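The next block is my_file.pdb, given as PDB, C-alpha atoms, pLDDT in the B column.
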```
ATOM      1  CA  MET A 152      46.905   5.828  97.988  1.00 54.00           C
ATOM      2  CA  ALA A 153      43.455   4.261  98.534  1.00 74.00           C
ATOM      3  CA  HIS A 154      42.483   3.613  94.929  1.00 91.00           C
ATOM      4  CA  GLU A 155      41.534  -0.032  95.301  1.00 95.00           C
ATOM      5  CA  TYR A 156      39.254  -1.482  92.657  1.00 96.00           C
ATOM      6  CA  ALA A 157      37.144  -3.540  95.058  1.00 96.00           C
ATOM      7  CA  GLU A 158      35.663  -3.091  98.512  1.00 95.00           C
ATOM      8  CA  LEU A 159      36.932  -4.693 101.706  1.00 94.00           C
ATOM      9  CA  ALA A 160      33.433  -6.009 102.481  1.00 94.00           C
ATOM     10  CA  ASP A 161      33.307  -7.852  99.129  1.00 95.00           C
ATOM     11  CA  LEU A 162      36.712  -9.440  99.704  1.00 94.00           C
ATOM     12  CA  LYS A 163      35.686 -10.536 103.209  1.00 94.00           C
ATOM     13  CA  SER A 164      32.538 -12.096 101.763  1.00 93.00           C
ATOM     14  CA  ASN A 165      34.545 -13.943  99.077  1.00 92.00           C
ATOM     15  CA  LEU A 166      36.893 -15.308 101.745  1.00 91.00           C
ATOM     16  CA  ASN A 167      34.020 -16.208 104.126  1.00 90.00           C
ATOM     17  CA  VAL A 168      35.322 -13.778 106.755  1.00 93.00           C
ATOM     18  CA  GLU A 169      32.598 -12.382 109.009  1.00 93.00           C
ATOM     19  CA  SER A 170      32.027  -8.675 108.410  1.00 88.00           C
ATOM     20  CA  GLU A 171      32.346  -8.010 112.170  1.00 91.00           C
ATOM     21  CA  ASP A 172      35.800  -9.653 112.267  1.00 90.00           C
ATOM     22  CA  THR A 173      38.267  -6.775 111.938  1.00 89.00           C
ATOM     23  CA  THR A 174      41.385  -8.699 113.014  1.00 91.00           C
ATOM     24  CA  ARG A 175      42.490  -9.222 109.396  1.00 90.00           C
ATOM     25  CA  ASP A 176      41.366  -5.903 107.938  1.00 92.00           C
ATOM     26  CA  ALA A 177      44.866  -4.428 107.642  1.00 94.00           C
ATOM     27  CA  MET A 178      46.152  -7.480 105.769  1.00 94.00           C
ATOM     28  CA  LEU A 179      43.062  -7.602 103.555  1.00 95.00           C
ATOM     29  CA  GLN A 180      43.398  -3.891 102.705  1.00 96.00           C
ATOM     30  CA  ALA A 181      47.057  -4.490 101.849  1.00 95.00           C
ATOM     31  CA  VAL A 182      46.238  -7.339  99.437  1.00 95.00           C
ATOM     32  CA  LEU A 183      43.453  -5.262  97.840  1.00 97.00           C
ATOM     33  CA  ALA A 184      45.957  -2.453  97.245  1.00 96.00           C
ATOM     34  CA  ALA A 185      48.590  -4.878  95.919  1.00 95.00           C
ATOM     35  CA  ALA A 186      46.092  -6.561  93.580  1.00 96.00           C
ATOM     36  CA  SER A 187      44.903  -3.179  92.282  1.00 97.00           C
ATOM     37  CA  ARG A 188      48.436  -1.913  91.643  1.00 96.00           C
ATOM     38  CA  GLY A 189      49.343  -5.234  90.010  1.00 95.00           C
ATOM     39  CA  ILE A 190      46.461  -4.789  87.576  1.00 96.00           C
ATOM     40  CA  ASP A 191      47.692  -1.238  86.856  1.00 95.00           C
ATOM     41  CA  THR A 192      51.158  -2.595  86.092  1.00 94.00           C
ATOM     42  CA  SER A 193      49.868  -5.459  83.925  1.00 93.00           C
ATOM     43  CA  THR A 194      47.525  -3.284  81.855  1.00 95.00           C
ATOM     44  CA  GLY A 195      49.640  -0.141  81.612  1.00 93.00           C
ATOM     45  CA  ARG A 196      46.757   2.016  82.806  1.00 94.00           C
ATOM     46  CA  ARG A 197      44.849   2.908  85.953  1.00 94.00           C
ATOM     47  CA  PHE A 198      41.131   2.715  86.512  1.00 96.00           C
ATOM     48  CA  TRP A 199      40.396   5.568  88.919  1.00 94.00           C
ATOM     49  CA  LEU A 200      39.570   9.165  88.038  1.00 95.00           C
ATOM     50  CA  ASP A 201      41.646  12.126  89.195  1.00 95.00           C
ATOM     51  CA  GLU A 202      39.816  14.478  91.547  1.00 94.00           C
ATOM     52  CA  GLU A 203      41.044  17.623  89.774  1.00 95.00           C
ATOM     53  CA  PRO A 204      42.080  18.378  86.189  1.00 96.00           C
ATOM     54  CA  THR A 205      45.817  18.501  85.507  1.00 96.00           C
ATOM     55  CA  ALA A 206      47.804  19.330  82.376  1.00 95.00           C
ATOM     56  CA  ARG A 207      49.785  16.763  80.396  1.00 95.00           C
ATOM     57  CA  THR A 208      51.918  17.569  77.382  1.00 93.00           C
ATOM     58  CA  PHE A 209      52.177  15.288  74.351  1.00 93.00           C
ATOM     59  CA  ARG A 210      54.588  15.421  71.413  1.00 91.00           C
ATOM     60  CA  VAL A 211      52.508  15.266  68.248  1.00 89.00           C
ATOM     61  CA  GLY A 212      55.081  13.187  66.345  1.00 86.00           C
ATOM     62  CA  GLY A 213      54.323   9.490  66.707  1.00 86.00           C
ATOM     63  CA  ARG A 214      50.983  10.065  68.461  1.00 89.00           C
ATOM     64  CA  VAL A 215      48.875  11.095  65.465  1.00 88.00           C
ATOM     65  CA  VAL A 216      47.055   8.665  63.185  1.00 88.00           C
ATOM     66  CA  ARG A 217      44.904   9.494  60.189  1.00 84.00           C
ATOM     67  CA  GLY A 218      41.215   8.771  60.743  1.00 72.00           C
ATOM     68  CA  ASP A 219      38.735   7.360  58.227  1.00 75.00           C
ATOM     69  CA  ASP A 220      37.190  10.824  57.899  1.00 72.00           C
ATOM     70  CA  GLY A 221      40.505  12.401  56.873  1.00 72.00           C
ATOM     71  CA  GLY A 222      41.061  14.052  60.240  1.00 79.00           C
ATOM     72  CA  GLU A 223      44.046  13.421  62.441  1.00 88.00           C
ATOM     73  CA  ARG A 224      43.560  11.558  65.738  1.00 91.00           C
ATOM     74  CA  LEU A 225      45.927  12.478  68.559  1.00 93.00           C
ATOM     75  CA  LEU A 226      46.292   9.459  70.850  1.00 93.00           C
ATOM     76  CA  LEU A 227      46.094  10.309  74.562  1.00 93.00           C
ATOM     77  CA  ASP A 228      46.414   8.720  77.961  1.00 94.00           C
ATOM     78  CA  ASP A 229      43.003   7.696  79.340  1.00 96.00           C
ATOM     79  CA  VAL A 230      40.754  10.717  80.010  1.00 96.00           C
ATOM     80  CA  GLY A 231      37.821  10.019  82.339  1.00 95.00           C
ATOM     81  CA  ALA A 232      35.970  13.328  81.921  1.00 93.00           C
ATOM     82  CA  ALA A 233      35.725  15.675  78.950  1.00 86.00           C
ATOM     83  CA  PRO A 234      38.908  17.743  78.458  1.00 81.00           C
ATOM     84  CA  VAL A 235      38.824  21.114  80.105  1.00 80.00           C
ATOM     85  CA  LEU A 236      41.370  22.694  77.786  1.00 93.00           C
ATOM     86  CA  VAL A 237      43.331  21.648  74.687  1.00 94.00           C
ATOM     87  CA  GLU A 238      46.266  23.836  73.597  1.00 94.00           C
ATOM     88  CA  ALA A 239      49.016  23.609  70.977  1.00 92.00           C
ATOM     89  CA  GLY A 240      52.425  25.232  71.101  1.00 90.00           C
ATOM     90  CA  SER A 241      55.551  25.062  73.204  1.00 82.00           C
ATOM     91  CA  ALA A 242      56.756  25.801  76.710  1.00 76.00           C
ATOM     92  CA  SER A 243      56.751  29.546  76.089  1.00 82.00           C
ATOM     93  CA  SER A 244      53.587  29.971  74.043  1.00 89.00           C
ATOM     94  CA  TRP A 245      50.309  28.024  74.056  1.00 93.00           C
ATOM     95  CA  ALA A 246      47.190  28.694  71.949  1.00 91.00           C
ATOM     96  CA  ALA A 247      43.801  27.096  72.545  1.00 91.00           C
ATOM     97  CA  VAL A 248      42.642  24.490  70.018  1.00 90.00           C
ATOM     98  CA  PRO A 249      38.941  25.306  69.640  1.00 87.00           C
ATOM     99  CA  ASP A 250      37.758  22.646  67.178  1.00 88.00           C
ATOM    100  CA  TYR A 251      38.330  19.034  68.161  1.00 90.00           C
ATOM    101  CA  GLU A 252      36.246  15.954  68.818  1.00 91.00           C
ATOM    102  CA  THR A 253      36.782  13.324  71.463  1.00 92.00           C
ATOM    103  CA  GLY A 254      37.005   9.647  70.661  1.00 91.00           C
ATOM    104  CA  PRO A 255      35.876   6.995  70.692  1.00 92.00           C
ATOM    105  CA  ASP A 256      32.318   8.195  70.245  1.00 91.00           C
ATOM    106  CA  ASN A 257      30.169   7.944  73.394  1.00 93.00           C
ATOM    107  CA  ALA A 258      33.095   6.608  75.435  1.00 94.00           C
ATOM    108  CA  LEU A 259      32.160   8.374  78.673  1.00 93.00           C
ATOM    109  CA  VAL A 260      28.510   7.347  78.383  1.00 93.00           C
ATOM    110  CA  ARG A 261      29.648   3.705  78.126  1.00 94.00           C
ATOM    111  CA  GLY A 262      31.934   4.060  81.169  1.00 93.00           C
ATOM    112  CA  ARG A 263      35.069   4.040  79.015  1.00 95.00           C
ATOM    113  CA  PRO A 264      37.776   6.696  78.751  1.00 96.00           C
ATOM    114  CA  ILE A 265      38.425   9.154  75.970  1.00 95.00           C
ATOM    115  CA  THR A 266      41.624   7.982  74.261  1.00 94.00           C
ATOM    116  CA  SER A 267      41.960  10.392  71.340  1.00 93.00           C
ATOM    117  CA  LEU A 268      41.186  13.872  70.071  1.00 93.00           C
ATOM    118  CA  THR A 269      40.403  14.430  66.387  1.00 91.00           C
ATOM    119  CA  ALA A 270      41.080  17.680  64.552  1.00 87.00           C
ATOM    120  CA  GLY A 271      41.492  18.580  60.891  1.00 82.00           C
ATOM    121  CA  SER A 272      45.232  18.582  61.536  1.00 84.00           C
ATOM    122  CA  TRP A 273      47.510  18.986  64.527  1.00 87.00           C
ATOM    123  CA  PRO A 274      50.353  21.499  64.396  1.00 84.00           C
ATOM    124  CA  ALA A 275      53.886  20.161  64.649  1.00 82.00           C
ATOM    125  CA  GLY A 276      55.311  20.338  68.137  1.00 88.00           C
ATOM    126  CA  ARG A 277      53.320  19.706  71.280  1.00 92.00           C
ATOM    127  CA  VAL A 278      49.757  19.591  72.516  1.00 94.00           C
ATOM    128  CA  ARG A 279      48.862  20.257  76.133  1.00 94.00           C
ATOM    129  CA  VAL A 280      45.631  18.727  77.425  1.00 95.00           C
ATOM    130  CA  THR A 281      44.120  19.678  80.772  1.00 96.00           C
ATOM    131  CA  ALA A 282      41.678  17.042  81.960  1.00 96.00           C
ATOM    132  CA  ARG A 283      40.758  14.589  84.694  1.00 96.00           C
ATOM    133  CA  TRP A 284      42.858  11.537  83.834  1.00 97.00           C
ATOM    134  CA  GLY A 285      41.861   7.924  84.386  1.00 96.00           C
ATOM    135  CA  TRP A 286      38.623   6.023  83.915  1.00 96.00           C
ATOM    136  CA  PRO A 287      35.143   7.409  84.669  1.00 95.00           C
ATOM    137  CA  GLN A 288      34.326   4.243  86.651  1.00 94.00           C
ATOM    138  CA  VAL A 289      35.977   0.955  87.529  1.00 96.00           C
ATOM    139  CA  PRO A 290      34.910  -1.692  84.982  1.00 96.00           C
ATOM    140  CA  ASP A 291      33.176  -4.778  86.400  1.00 96.00           C
ATOM    141  CA  GLU A 292      35.904  -7.034  84.992  1.00 97.00           C
ATOM    142  CA  ILE A 293      38.615  -5.069  86.806  1.00 97.00           C
ATOM    143  CA  ARG A 294      36.656  -5.198  90.061  1.00 97.00           C
ATOM    144  CA  GLN A 295      36.244  -8.972  89.799  1.00 97.00           C
ATOM    145  CA  ALA A 296      39.887  -9.532  88.795  1.00 97.00           C
ATOM    146  CA  THR A 297      40.935  -7.504  91.842  1.00 97.00           C
ATOM    147  CA  LEU A 298      38.841  -9.665  94.154  1.00 97.00           C
ATOM    148  CA  ILE A 299      40.230 -12.895  92.676  1.00 95.00           C
ATOM    149  CA  GLN A 300      43.816 -11.685  92.823  1.00 95.00           C
ATOM    150  CA  ALA A 301      43.443 -10.237  96.343  1.00 94.00           C
ATOM    151  CA  ALA A 302      42.017 -13.543  97.616  1.00 93.00           C
ATOM    152  CA  ARG A 303      44.896 -15.368  95.950  1.00 91.00           C
ATOM    153  CA  LEU A 304      47.444 -13.033  97.575  1.00 90.00           C
ATOM    154  CA  TYR A 305      45.771 -13.441 100.959  1.00 91.00           C
ATOM    155  CA  ARG A 306      45.879 -17.245 100.700  1.00 88.00           C
ATOM    156  CA  ARG A 307      49.505 -17.096  99.538  1.00 82.00           C
ATOM    157  CA  LYS A 308      50.601 -16.973 103.183  1.00 76.00           C
ATOM    158  CA  ASP A 309      49.428 -20.601 103.417  1.00 64.00           C
ATOM    159  CA  SER A 310      51.431 -21.762 100.380  1.00 62.00           C
ATOM    160  CA  PRO A 311      55.136 -21.301 101.098  1.00 62.00           C
ATOM    161  CA  GLU A 312      57.410 -21.431  98.050  1.00 56.00           C
ATOM    162  CA  GLY A 313      54.338 -21.348  95.790  1.00 54.00           C
ATOM    163  CA  VAL A 314      53.283 -24.876  96.682  1.00 51.00           C
ATOM    164  CA  ALA A 315      49.794 -25.728  97.936  1.00 54.00           C
ATOM    165  CA  GLY A 316      48.148 -29.008  98.625  1.00 54.00           C
ATOM    166  CA  SER A 317      45.808 -31.178 100.600  1.00 55.00           C
ATOM    167  CA  ALA A 318      45.685 -34.792 101.715  1.00 54.00           C
ATOM    168  CA  GLU A 319      42.972 -35.439  99.152  1.00 66.00           C
ATOM    169  CA  TRP A 320      44.581 -33.842  96.071  1.00 58.00           C
ATOM    170  CA  GLY A 321      48.257 -33.947  96.942  1.00 59.00           C
ATOM    171  CA  VAL A 322      50.815 -31.197  96.376  1.00 54.00           C
ATOM    172  CA  MET A 323      50.619 -28.843  93.401  1.00 54.00           C
ATOM    173  CA  ARG A 324      52.624 -25.857  92.249  1.00 53.00           C
ATOM    174  CA  LEU A 325      50.707 -22.596  91.910  1.00 53.00           C
ATOM    175  CA  SER A 326      50.772 -21.000  88.473  1.00 58.00           C
ATOM    176  CA  ARG A 327      52.577 -17.718  88.105  1.00 66.00           C
ATOM    177  CA  ARG A 328      49.545 -15.997  86.617  1.00 77.00           C
ATOM    178  CA  ASP A 329      45.914 -16.715  87.492  1.00 87.00           C
ATOM    179  CA  PRO A 330      44.132 -17.584  84.209  1.00 90.00           C
ATOM    180  CA  ASP A 331      40.811 -16.104  85.382  1.00 93.00           C
ATOM    181  CA  VAL A 332      42.418 -12.790  86.317  1.00 94.00           C
ATOM    182  CA  TRP A 333      44.240 -12.719  82.992  1.00 93.00           C
ATOM    183  CA  ALA A 334      41.030 -13.471  81.042  1.00 94.00           C
ATOM    184  CA  LEU A 335      39.280 -10.585  82.809  1.00 96.00           C
ATOM    185  CA  ILE A 336      42.010  -7.974  82.264  1.00 95.00           C
ATOM    186  CA  GLU A 337      43.624  -8.910  78.947  1.00 94.00           C
ATOM    187  CA  HIS A 338      41.388  -6.762  76.737  1.00 94.00           C
ATOM    188  CA  PHE A 339      42.271  -3.696  78.859  1.00 95.00           C
ATOM    189  CA  ILE A 340      46.023  -4.071  78.243  1.00 93.00           C
ATOM    190  CA  LEU A 341      47.592  -1.240  76.303  1.00 88.00           C
ATOM    191  CA  PRO A 342      49.802  -2.306  73.374  1.00 81.00           C
ATOM    192  CA  GLY A 343      53.352  -2.817  74.604  1.00 65.00           C
ATOM    193  CA  PHE A 344      52.301  -3.996  78.100  1.00 49.00           C
ATOM    194  CA  GLY A 345      51.452  -7.403  79.576  1.00 48.00           C
TER     195      GLY A 345
END
```
Once you've parsed the file, please lay out its structure as structure tokens.
Amino acid sequence: MAHEYAELADLKSNLNVESEDTTRDAMLQAVLAAASRGIDTSTGRRFWLDEEPTARTFRVGGRVVRGDDGGERLLLDDVGAAPVLVEAGSASSWAAVPDYETGPDNALVRGRPITSLTAGSWPAGRVRVTARWGWPQVPDEIRQATLIQAARLYRRKDSPEGVAGSAEWGVMRLSRRDPDVWALIEHFILPGFG
């Protein structure tokens, strides 16, 4: 899939592995991928941007909230580039929705996704949005959480049964969830996940 949120070179640097040493590259790539997909699962979203626009259909019921300005906001999956096309209708007949605004304001400029479309009102039924889904760029917090979690997964091979230790500190049980990773990703979690 190759949508890791951090670079192999950065992980090697964090683990003090020489950049010329390629003997562990396959394992390091695997833990980068696992850490990235784990963050996807924990947050309920993904932080890469689709190459091409694709269409997704949303039922209006349950996805519309009234905005402060009186308009109706249709809540969407993360959109990482301005929508190409917004249509309302059904499987047999779609009509373009010409007047809508994206929200939150300036999301793409701030490196955040568009998460809603506002119109005066949305027709009952379905809305089809054609866009590039995902995030416009990987947030710094997600990149750092990926590096921490990937290093933890890599070192896991040295802690059978989740127990690690040293002669100096003794034996200790590893926590199920890294508190630093959690602190970095928790504000990205969609409601209902995590």
>> Using Å and a single decimal, report how far CA of Glu155 in chain A sits from CA of Ala296 in chain A.
In response: 11.6 Å
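You can rank A:Trp245, A:Trp284, A:Trp199, A:Trp333 by their closest distance to Ala157 in chain A using all atoms listed in the file, and at the top of that list sits A:Trp199.
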> CA of Leu183 in chain A to CA of Ala232 in chain A: how many Å, to one decimal?
Replying inline: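 Taking CA of Leu183 in chain A and CA of Ala232 in chain A, their separation equals 25.6 Å.
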> Do you know which residues are at most 8 Å from Ala275 in chain A counting all atoms listed in the file, after dropping those on the same chain fewer than 2 positions away, and could you put them as a list of chain:residue names?
Replying inline: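 So, after excluding close chain neighbours, the residues are A:Val211, A:Gly212, A:Trp273, A:Arg277.
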Selection from above, C-alpha atoms, as a tab-separated table (two decimals), in the coordinates of the input, can you write it?
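selection.tsv was written with the following content:
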```tsv
chain	number	residue	atom	x	y	z
A	211	VAL	CA	52.51	15.27	68.25
A	212	GLY	CA	55.08	13.19	66.34
A	273	TRP	CA	47.51	18.99	64.53
A	277	ARG	CA	53.32	19.71	71.28
```
> Of the candidates A:Asn257, A:Ser243, A:Thr281, A:Asn167, which one gets nearest to Ala206 in chain A if we count only C-alpha atoms?
Replying inline: A:Thr281
Assuming the chain letters and numbering stay as they are in my file, what does the PyMOL selection byres ((chain A and resi 185) around 12) actually select? List them as a CSV table (one decimal) with C-alpha atoms, in the coordinates of the input.
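Generated output (selection.csv):
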```csv
chain,number,residue,atom,x,y,z
A,152,MET,CA,46.9,5.8,98.0
A,153,ALA,CA,43.5,4.3,98.5
A,154,HIS,CA,42.5,3.6,94.9
A,155,GLU,CA,41.5,0.0,95.3
A,156,TYR,CA,39.3,-1.5,92.7
A,157,ALA,CA,37.1,-3.5,95.1
A,178,MET,CA,46.2,-7.5,105.8
A,179,LEU,CA,43.1,-7.6,103.6
A,180,GLN,CA,43.4,-3.9,102.7
A,181,ALA,CA,47.1,-4.5,101.8
A,182,VAL,CA,46.2,-7.3,99.4
A,183,LEU,CA,43.5,-5.3,97.8
A,184,ALA,CA,46.0,-2.5,97.2
A,186,ALA,CA,46.1,-6.6,93.6
A,187,SER,CA,44.9,-3.2,92.3
A,188,ARG,CA,48.4,-1.9,91.6
A,189,GLY,CA,49.3,-5.2,90.0
A,190,ILE,CA,46.5,-4.8,87.6
A,191,ASP,CA,47.7,-1.2,86.9
A,192,THR,CA,51.2,-2.6,86.1
A,297,THR,CA,40.9,-7.5,91.8
A,298,LEU,CA,38.8,-9.7,94.2
A,300,GLN,CA,43.8,-11.7,92.8
A,301,ALA,CA,43.4,-10.2,96.3
A,302,ALA,CA,42.0,-13.5,97.6
A,303,ARG,CA,44.9,-15.4,96.0
A,304,LEU,CA,47.4,-13.0,97.6
A,305,TYR,CA,45.8,-13.4,101.0
```
>> Residues near Thr208 in chain A, anyone? I mean within 7 Å using all atoms listed in the file, not counting same-chain ones fewer than 3 positions away, as a PyMOL selection string.
In response: chain A and resi 277-280
With all atoms listed in the file counted, which protein, DNA or RNA residues have an atom no more than 8 Å from (45.5, 19.6, 87.0) in the file frame? Please answer as a PDB file with C-alpha atoms, in the frame of the given file.
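Output saved as result.pdb:
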```pdb
ATOM      1  CA  GLU A 203      41.044  17.623  89.774  1.00 95.00           C
ATOM      2  CA  PRO A 204      42.080  18.378  86.189  1.00 96.00           C
ATOM      3  CA  THR A 205      45.817  18.501  85.507  1.00 96.00           C
ATOM      4  CA  ALA A 206      47.804  19.330  82.376  1.00 95.00           C
ATOM      5  CA  THR A 281      44.120  19.678  80.772  1.00 96.00           C
ATOM      6  CA  ALA A 282      41.678  17.042  81.960  1.00 96.00           C
ATOM      7  CA  ARG A 283      40.758  14.589  84.694  1.00 96.00           C
TER       8      ARG A 283
END
```
Please enclose the listed atoms of range 180-192 of chain A in an axis-aligned box, pad each side by 5 Å, and write out the centre and the three edge lengths in Å, rounded to one decimal, as AutoDock Vina command-line options.
```
--center_x 47.3 --center_y -4.3 --center_z 94.4 --size_x 17.8 --size_y 16.1 --size_z 26.6
```
> Which value, in Å to one decimal, gives the distance between CA of Val260 in chain A and CA of Leu236 in chain A?
Replying inline: 20.0 Å
> At a cut-off of 7 Å from (44.0, 11.0, 74.4) in the coordinates of the file, what residues are picked up using all atoms listed in the file, written as a list in words?
Replying inline: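 Within the cut-off we find Leu225, Leu226, Leu227, Asp228, Asp229, Val230, Ile265, Thr266, Ser267 and Leu268 of chain A.
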I need the residues from that last selection saved to file as a PDB file, keeping the file's coordinate frame (with C-alpha atoms), if you can.
```pdb
ATOM      1  CA  LEU A 225      45.927  12.478  68.559  1.00 93.00           C
ATOM      2  CA  LEU A 226      46.292   9.459  70.850  1.00 93.00           C
ATOM      3  CA  LEU A 227      46.094  10.309  74.562  1.00 93.00           C
ATOM      4  CA  ASP A 228      46.414   8.720  77.961  1.00 94.00           C
ATOM      5  CA  ASP A 229      43.003   7.696  79.340  1.00 96.00           C
ATOM      6  CA  VAL A 230      40.754  10.717  80.010  1.00 96.00           C
ATOM      7  CA  ILE A 265      38.425   9.154  75.970  1.00 95.00           C
ATOM      8  CA  THR A 266      41.624   7.982  74.261  1.00 94.00           C
ATOM      9  CA  SER A 267      41.960  10.392  71.340  1.00 93.00           C
ATOM     10  CA  LEU A 268      41.186  13.872  70.071  1.00 93.00           C
TER      11      LEU A 268
END
```
> Evaluating the PyMOL selection byres ((chain A and resi 224) around 9) on the displayed file yields which residues, as number ranges by chain?
Replying inline: A: 214-218, 222-223, 225-226, 254, 267-273
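Applied to the shown file, the PyMOL selection byres ((chain A and resi 261) around 12) selects the residues Gly231, Pro255, Asp256, Asn257, Ala258, Leu259, Val260, Gly262, Arg263, Pro264, Ile265, Trp286, Pro287, Gln288, Val289 and Pro290 of chain A.
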> Which one is closest to Glu202 in chain A: A:Ile299, A:Asp219, A:Thr173, A:Gly285? Count only C-alpha atoms.
Replying inline: A:Gly285
> If we count only C-alpha atoms, what is near Ala247 in chain A at a cut-off of 9 Å, once residues fewer than 5 positions away on the same chain are taken out, given as an MDAnalysis selection string?
Replying inline: chainID A and resid 236:240
